[in-house]
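For reference, the structure discussed in these notes is given below.
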Amino acid sequence: MIEMYHVYMAYQRDANALEDINLKIEKGSFVLLTGPSGAGKSTLLKLITCQEKATKGQILVGGRNIVRIRHSSIPYLRRNTGIVFQDFKLLNKRTIIDNVSLPLEIIGKSRKEIKHKAWNVLKMVGLQHKIASYPLQLSGGEQQRVAIARALVNDPAILLADEPTGNLDKENSEYIMELLRRANTKGTTIMLATHDKNLIENYHYRVVGLEKGKIISNG
Ligand SMILES: Nc1ncnc2c1ncn2[C@@H]1O[C@H](COP(=O)(O)OP(=O)(O)OP(=O)(O)O)[C@@H](O)[C@H]1O
Ligand SMILES: [Mg+2]
């Protein structure tokens, strides 16, 4: 599903944020990407969505090389990829249901379908009673669930989640992990970046370890 060959990424010259990354993520797998702050976890996820560009190497997503992808093709790539950002990135002036509807509006789904899908996914994350609220009226854990609902509303082939349990207590973290597990069971390939040791120990998913931009473990 995702393949990387000798991938390098540098924000500044002579300072690689990622160095010689070789990685294969099978379709339908659930992979934890770990490592200390600054190791390059977010950068690696951003390469997959073309939010950042590799300086060298090959990246295949669904068999397609995205390193030299045309700018106009990026929206098509993102249609199949749900993203949960480290800082949620919810639109505070839109209601919860309107936030979740956004990916479907962008691809021009009908009003009826948008409403149906947005409602269903919000029910799935247990927020059907909050659809008319605004993000800032929700707790951190609830906002995170909205971000996950928005990422999943379009049944993406790939879900990239950057520290989705970052600031949450144990109960909320477990709830988020359960939502992701269910999405994975339904076929979504998941890559989750985290430095939460508990998460790594409690769930028996494949762990890819990064340190200073290099893969130091992969099992
Ligand atoms: N926009 C940027 N401009 C310049 N350097 C950056 C930028 N974003 C990240 N970096 C640098 O790239 C390296 C990797 O950062 P990255 O955000 O990928 O780490 P991370 O593993 O996600 O860390 P964290 O656990 O804190 O989220 C760091 O040295 C960081 O300072
Ligand atoms: Mg990060």
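By order in the structure tokens, chains are A, B, ...; within a chain, residues start at 1; ligands start at 1, following the order shown.
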Need to verify the contact set: stretch 47-60 of chain A, 7 Å, only C-alpha atoms, exclusion of same-chain residues closer than 2 positions in sequence. Can you return it as a PyMOL selection string?
chain A and resi 2-10+43-45+62-67+78
Can I get the residues close to ligand 2 as a list in words, where close means within 7 Å and we count only C-alpha atoms and all ligand atoms?
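Here is the list of contacting residues: Ser37, Gly38, Gly40, Lys41, Ser42, Gln86 and Asp162 of chain A.
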Among chain A, which ones does DSSP assign to strand (DSSP E or B) (computed from the backbone)? Answer as a ChimeraX atom specification.
/A:2-12,15-25,30-34,56-61,64-65,81-84,158-162,189-194,206-211,214-218
Write down as a PyMOL selection string the residues of stretch 136-200 of chain A whose backbone DSSP state falls under helix (DSSP H, G or I).
chain A and resi 136-137+140-152+170-185+197-200
Same residues, C-alpha atoms, saved as a JSON list (two decimals), in the first residue's frame:
```
[["chain", "number", "residue", "atom", "x", "y", "z"],
["A", 136, "LEU", "CA", -14.39, 25.03, 21.11],
["A", 137, "GLN", "CA", -17.47, 23.88, 23.04],
["A", 140, "GLY", "CA", -10.03, 17.79, 23.94],
["A", 141, "GLY", "CA", -11.02, 14.14, 23.70],
["A", 142, "GLU", "CA", -14.25, 15.02, 21.92],
["A", 143, "GLN", "CA", -12.42, 17.27, 19.47],
["A", 144, "GLN", "CA", -10.04, 14.43, 18.75],
["A", 145, "ARG", "CA", -13.02, 12.18, 18.02],
["A", 146, "VAL", "CA", -14.36, 14.79, 15.60],
["A", 147, "ALA", "CA", -10.99, 14.86, 13.86],
["A", 148, "ILE", "CA", -11.12, 11.08, 13.53],
["A", 149, "ALA", "CA", -14.69, 11.18, 12.25],
["A", 150, "ARG", "CA", -13.66, 13.71, 9.62],
["A", 151, "ALA", "CA", -10.73, 11.54, 8.58],
["A", 152, "LEU", "CA", -12.92, 8.45, 8.25],
["A", 170, "LYS", "CA", -6.24, 6.63, 29.49],
["A", 171, "GLU", "CA", -9.97, 6.16, 28.96],
["A", 172, "ASN", "CA", -10.13, 8.52, 25.99],
["A", 173, "SER", "CA", -6.96, 7.06, 24.48],
["A", 174, "GLU", "CA", -8.45, 3.59, 24.64],
["A", 175, "TYR", "CA", -11.63, 4.81, 23.02],
["A", 176, "ILE", "CA", -9.68, 6.40, 20.16],
["A", 177, "MET", "CA", -7.63, 3.21, 19.71],
["A", 178, "GLU", "CA", -10.82, 1.18, 19.58],
["A", 179, "LEU", "CA", -12.22, 3.45, 16.85],
["A", 180, "LEU", "CA", -9.04, 3.05, 14.83],
["A", 181, "ARG", "CA", -9.04, -0.70, 15.40],
["A", 182, "ARG", "CA", -12.57, -0.91, 14.01],
["A", 183, "ALA", "CA", -11.64, 1.16, 10.95],
["A", 184, "ASN", "CA", -8.68, -1.16, 10.43],
["A", 185, "THR", "CA", -10.91, -4.24, 10.67],
["A", 197, "LYS", "CA", 5.03, 4.00, 25.53],
["A", 198, "ASN", "CA", 1.83, 2.57, 27.02],
["A", 199, "LEU", "CA", 0.23, 2.49, 23.65],
["A", 200, "ILE", "CA", 3.15, 0.57, 22.21]]
```
Contacts of stretch 107-122 of chain A at 9 Å or less, counting only C-alpha atoms, minus same-chain residues fewer than 3 places along, as a list in words?
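Answer for this query is Arg79, Ile96, Ile97, Asp98, Val100, Ser101, Leu102, Pro103, Leu104, Val125, Gly126, Leu127, Gln128, His129, Lys130, Ile131, Arg145, Val146, Ala149, Arg150, Leu152, Val153 and Asn154 of chain A.
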From the options A:Gly187, A:Gly213, A:Gly166, A:Pro156, which residue's atoms come nearest to A:Tyr11, counting only C-alpha atoms?
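The shortest atom-to-atom distance to A:Tyr11 comes from A:Gly213.
The residue set within 10 Å of A:Lys93, counting only C-alpha atoms and dropping same-chain residues fewer than 6 places from it, reads A:Asn99, A:Tyr134, A:Pro135, A:Leu136.
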What is the atom CA of A:Lys214-atom 14 (C, counted along the ligand's line) of ligand 1 distance in Å, reported with one decimal?
10.6 Å
Mind giving me the straight-line distance from atom 31 (O, counted along the ligand's line) of ligand 1 to atom CA of A:Ser72 in Å, one decimal?
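Separation of atom 31 (O, counted along the ligand's line) of ligand 1 and atom CA of A:Ser72: 28.7 Å.
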